[in-house]
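These notes concern the structure reproduced below.
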Amino acid sequence: MNTKDLVVRATGELFGAKDPAAVDRWVAAGYRQHSSLAADGPEALRELVASLPEGFRYEPARVIADGDLVALHGTYHGFGPQPLVAFDLFRVEDGRLAEHWDALTPVVADTVSGRSQTDGPTAPGDPHNTEANRKLVTEFAQKVLKDADYSALTDYISAETYRQHNPEAADGLDGFGAAAAAWAEQGKNLVYRTIHRVVAEGEFVLVQSEGEFGVPVAYWDLFRVADGKIVEHWDVIAPVPAELPHGNGLF
């Protein structure tokens with residue numbers, strides 16, 4: 001099976017069926033963990049799966065496959081007192097899950113745009129433009145996000161259609177500008193220090209970055225590209241923990 005099907009099946013058995021034995025079927029002996037929720041290695045993952053509560057479930061939204069990397073976007077129910085929107089990124093090697101990164105944030109019921117943090121198109125259409133879309137978003141991430149050249153926004157983001165799923169921002173470039181100004185007043189400037197990974201399939205491009213948002217954070221930004229411009233955005237902004245249960249770092 002391809003990497004996308006493998007990850008969907010493996011995570012379905014691990015987190016859908018909550019089957020600790022799925023670790024033996026799908027997880028590499030040298031499984032490398034970057035999440036703050038588990039220690040390194042397959043046995044720590046087995047313990048996590050075995051500890052999942054009765055009401056735990058995962059609600060998928062979209063899957064993006066790019067070579068040996070597969071990203072999942074969805075919502076976890078039962079990890080804590082409220083649902084958590086998450087990005088999970090897996091690296092596949094020799095038919096097994098070999099490495100994992102993630103970021104989670106609470107579900108917000110009342111968003112400024114009226115859109116949820118996960119709704120919208122789910123299928124990564126436009127397969128022939130994957131590399132062009134990757135190039136566009138990579139340039140945007142470097143020039144606008146990292147270098148903070150906001151004069152170039154309309155070179156990359158559509159001025160007509162920009163659907164926003166960040167819970168604190170309205171649709172459109174004006175909505176993004178108003179949100180950024182409000183965040184700055186709260187001492188939360190959007191600072192991107194390092195672009196770590198860009199994962200692309202069709203019209204979807206996911207960017208994993210490191211920076212500051214009042215405190216050190218991991219930025220996970222998912223963009224949808226249509227006709228050569230960014231037209232939709234989902235994200236998770238997660239604080240970087242002071243300590244991790246492994247020595248691999250968050251990125």
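If you're wondering about the labels, chains in the structure tokens are A, B, ... by order shown, residues count from 1 in each chain, ligands from 1 in order shown.
For Ser151 in chain A, the non-local neighbours within 12 Å, defined as residues at least 6 positions apart in the same chain or in other chains and counting only C-alpha atoms, are Phe140, Lys143, Val144, Leu145, Ile157, Leu173 and Gly177 of chain A.
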Same residues, N, CA, C and O atoms, saved as a compact mmCIF listing (two decimals), in the first residue's frame:
```
# COMPACT_ATOMS: atom_id res chain seq x y z
N PHE A 140 6.30 32.27 0.12
CA PHE A 140 5.48 33.06 1.03
C PHE A 140 5.98 32.91 2.47
O PHE A 140 6.10 33.90 3.21
N LYS A 143 9.41 34.84 2.70
CA LYS A 143 9.39 36.29 2.50
C LYS A 143 8.42 37.00 3.45
O LYS A 143 8.77 38.04 4.05
N VAL A 144 7.21 36.46 3.61
CA VAL A 144 6.19 37.14 4.40
C VAL A 144 6.24 36.71 5.86
O VAL A 144 6.28 37.55 6.77
N LEU A 145 6.22 35.40 6.11
CA LEU A 145 6.18 34.94 7.50
C LEU A 145 7.51 35.14 8.21
O LEU A 145 7.56 35.73 9.28
N ILE A 157 -1.28 35.78 -1.55
CA ILE A 157 -2.63 35.53 -1.04
C ILE A 157 -3.64 36.24 -1.92
O ILE A 157 -3.47 37.42 -2.26
N LEU A 173 -7.92 39.45 3.69
CA LEU A 173 -6.68 40.06 4.14
C LEU A 173 -6.93 41.09 5.24
O LEU A 173 -6.11 41.25 6.15
N GLY A 177 -5.21 41.19 8.90
CA GLY A 177 -4.56 42.40 9.40
C GLY A 177 -5.10 42.84 10.74
O GLY A 177 -4.34 43.23 11.63
```
If you run DSSP on the backbone, which residues of range 125-227 of chain A are strand (DSSP E), as a count of residues only?
-> 33
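Taking CA of Gln142 in chain A and CA of Glu201 in chain A as endpoints, the distance between them is 19.4 Å.
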With a distance cut-off of 12 Å and only C-alpha atoms, select the neighbouring residues of Ser158 in chain A, excluding the residue or stretch itself and same-chain residues fewer than 2 positions from it, and output the selection as a PyMOL selection string.
-> chain A and resi 152-156+160-163+171-174+223-233
With only C-alpha atoms as the atoms that count, which of A:Arg134, A:Arg32, A:His73, A:Arg46 lies nearest to Trp234 in chain A?
-> A:His73
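Proximity to Leu72 in chain A was assessed for A:Lys135, A:Arg115, A:His128, A:Lys4 counting only C-alpha atoms; the smallest distance is recorded for A:Lys4.
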Using DSSP on the backbone coordinates, identify the residues of range 77-239 of chain A assigned to alpha helix (DSSP H); present them as a ChimeraX atom specification.
-> /A:130-140,153-156,172-185
Hey, what's within 9 Å of range 24-29 of chain A if we count only C-alpha atoms and toss same-chain stuff fewer than 4 positions away? As a PyMOL selection string, please?
-> chain A and resi 6-7+10-11+20+41-42+45-46+92-99
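You will find CA of Tyr219 in chain A at 20.3 Å from CA of Gly247 in chain A.
Between Tyr192 in chain A and the residues A:Thr3, A:Ser51, A:Ser209, A:Thr105, the shortest atom-to-atom distance, using only C-alpha atoms, involves A:Ser209.
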Within 6 Å of range 165-170 of chain A: each range 39-126 of chain A residue with its shortest pair, only C-alpha atoms, as a Markdown table:
```
| residue | atom | partner | partner_atom | distance |
| --- | --- | --- | --- | --- |
| A:Thr111 | CA | A:Pro167 | CA | 4.4 |
| A:Val112 | CA | A:Ala170 | CA | 5.3 |
| A:Ser113 | CA | A:Ala170 | CA | 4.3 |
| A:Arg115 | CA | A:His165 | CA | 5.8 |
| A:Gln117 | CA | A:His165 | CA | 5.0 |
```
Atoms kept (N, CA and C atoms) for selection, written as a PDB file, in the first residue's frame:
```pdb
ATOM      1  N   THR A 111     -15.891  31.050  16.524  1.00  0.00           N
ATOM      2  CA  THR A 111     -14.760  31.674  15.848  1.00  0.00           C
ATOM      3  C   THR A 111     -15.182  32.985  15.200  1.00  0.00           C
ATOM      4  N   VAL A 112     -14.222  33.857  14.969  1.00  0.00           N
ATOM      5  CA  VAL A 112     -14.513  35.173  14.392  1.00  0.00           C
ATOM      6  C   VAL A 112     -15.072  35.039  12.977  1.00  0.00           C
ATOM      7  N   SER A 113     -14.537  34.103  12.201  1.00  0.00           N
ATOM      8  CA  SER A 113     -14.982  33.955  10.812  1.00  0.00           C
ATOM      9  C   SER A 113     -16.274  33.159  10.688  1.00  0.00           C
ATOM     10  N   ARG A 115     -16.200  30.007  10.702  1.00  0.00           N
ATOM     11  CA  ARG A 115     -15.748  28.710  10.203  1.00  0.00           C
ATOM     12  C   ARG A 115     -15.121  27.928  11.355  1.00  0.00           C
ATOM     13  N   GLN A 117     -12.306  25.147  12.959  1.00  0.00           N
ATOM     14  CA  GLN A 117     -10.862  25.007  12.779  1.00  0.00           C
ATOM     15  C   GLN A 117     -10.489  23.877  11.817  1.00  0.00           C
TER      16      GLN A 117
END
```
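All residues of protein, DNA or RNA that reach within 7 Å of Val85 in chain A, judged by only C-alpha atoms and not counting those fewer than 3 positions away in the chain, are A:Gly74, A:Thr75, A:Tyr76, A:Leu104, A:Thr105, A:Pro106, A:Val107.
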Give the answer as one residue: which of A:Gly202, A:Leu84, A:Gly55, A:Thr194 has the shortest atom-to-atom distance to Pro127 in chain A, using only C-alpha atoms?
-> A:Gly202
Residue among A:Gly211, A:Ile195, A:Asp235, A:Pro53 lying closest to His77 in chain A, counting only C-alpha atoms | A:Pro53
Cut-off 12 Å: closest range 74-143 of chain A/range 56-65 of chain A atom pairs per residue, using only C-alpha atoms, as a tab-separated table:
```
residue	atom	partner	partner_atom	distance
A:Gly74	CA	A:Pro60	CA	4.3
A:Thr75	CA	A:Glu59	CA	5.0
A:Tyr76	CA	A:Tyr58	CA	4.6
A:His77	CA	A:Arg57	CA	5.2
A:Gly78	CA	A:Phe56	CA	4.2
A:Phe79	CA	A:Phe56	CA	6.5
A:Gly80	CA	A:Phe56	CA	9.2
A:Pro81	CA	A:Phe56	CA	11.0
A:Gln82	CA	A:Phe56	CA	11.2
A:Pro83	CA	A:Tyr58	CA	9.6
A:Leu84	CA	A:Tyr58	CA	9.6
A:Val85	CA	A:Glu59	CA	9.3
A:Ala86	CA	A:Pro60	CA	9.6
A:Phe87	CA	A:Arg62	CA	9.8
A:Asp88	CA	A:Val63	CA	9.6
A:Leu89	CA	A:Ile64	CA	9.3
A:Phe90	CA	A:Ala65	CA	9.6
A:Arg91	CA	A:Ala65	CA	10.0
A:Val92	CA	A:Ala65	CA	10.5
A:Ser116	CA	A:Ala61	CA	11.2
A:Gln117	CA	A:Ala61	CA	9.9
A:Thr118	CA	A:Ala61	CA	6.3
A:Asp119	CA	A:Ala61	CA	7.3
A:Gly120	CA	A:Ala61	CA	8.7
A:Pro121	CA	A:Arg62	CA	8.4
A:Thr122	CA	A:Arg62	CA	5.0
A:Ala123	CA	A:Arg62	CA	6.9
A:Pro124	CA	A:Ile64	CA	7.1
A:Gly125	CA	A:Ile64	CA	10.6
A:Pro127	CA	A:Ala65	CA	11.3
A:Thr130	CA	A:Ala65	CA	11.0
```
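For the residues A:Arg193, A:Gly67, A:Glu203, A:Lys146, ranking by smallest atom-to-atom distance to Asn133 in chain A using only C-alpha atoms places A:Glu203 first.
The coordinates place CA of Ala50 in chain A at 17.8 Å from CA of Arg9 in chain A.
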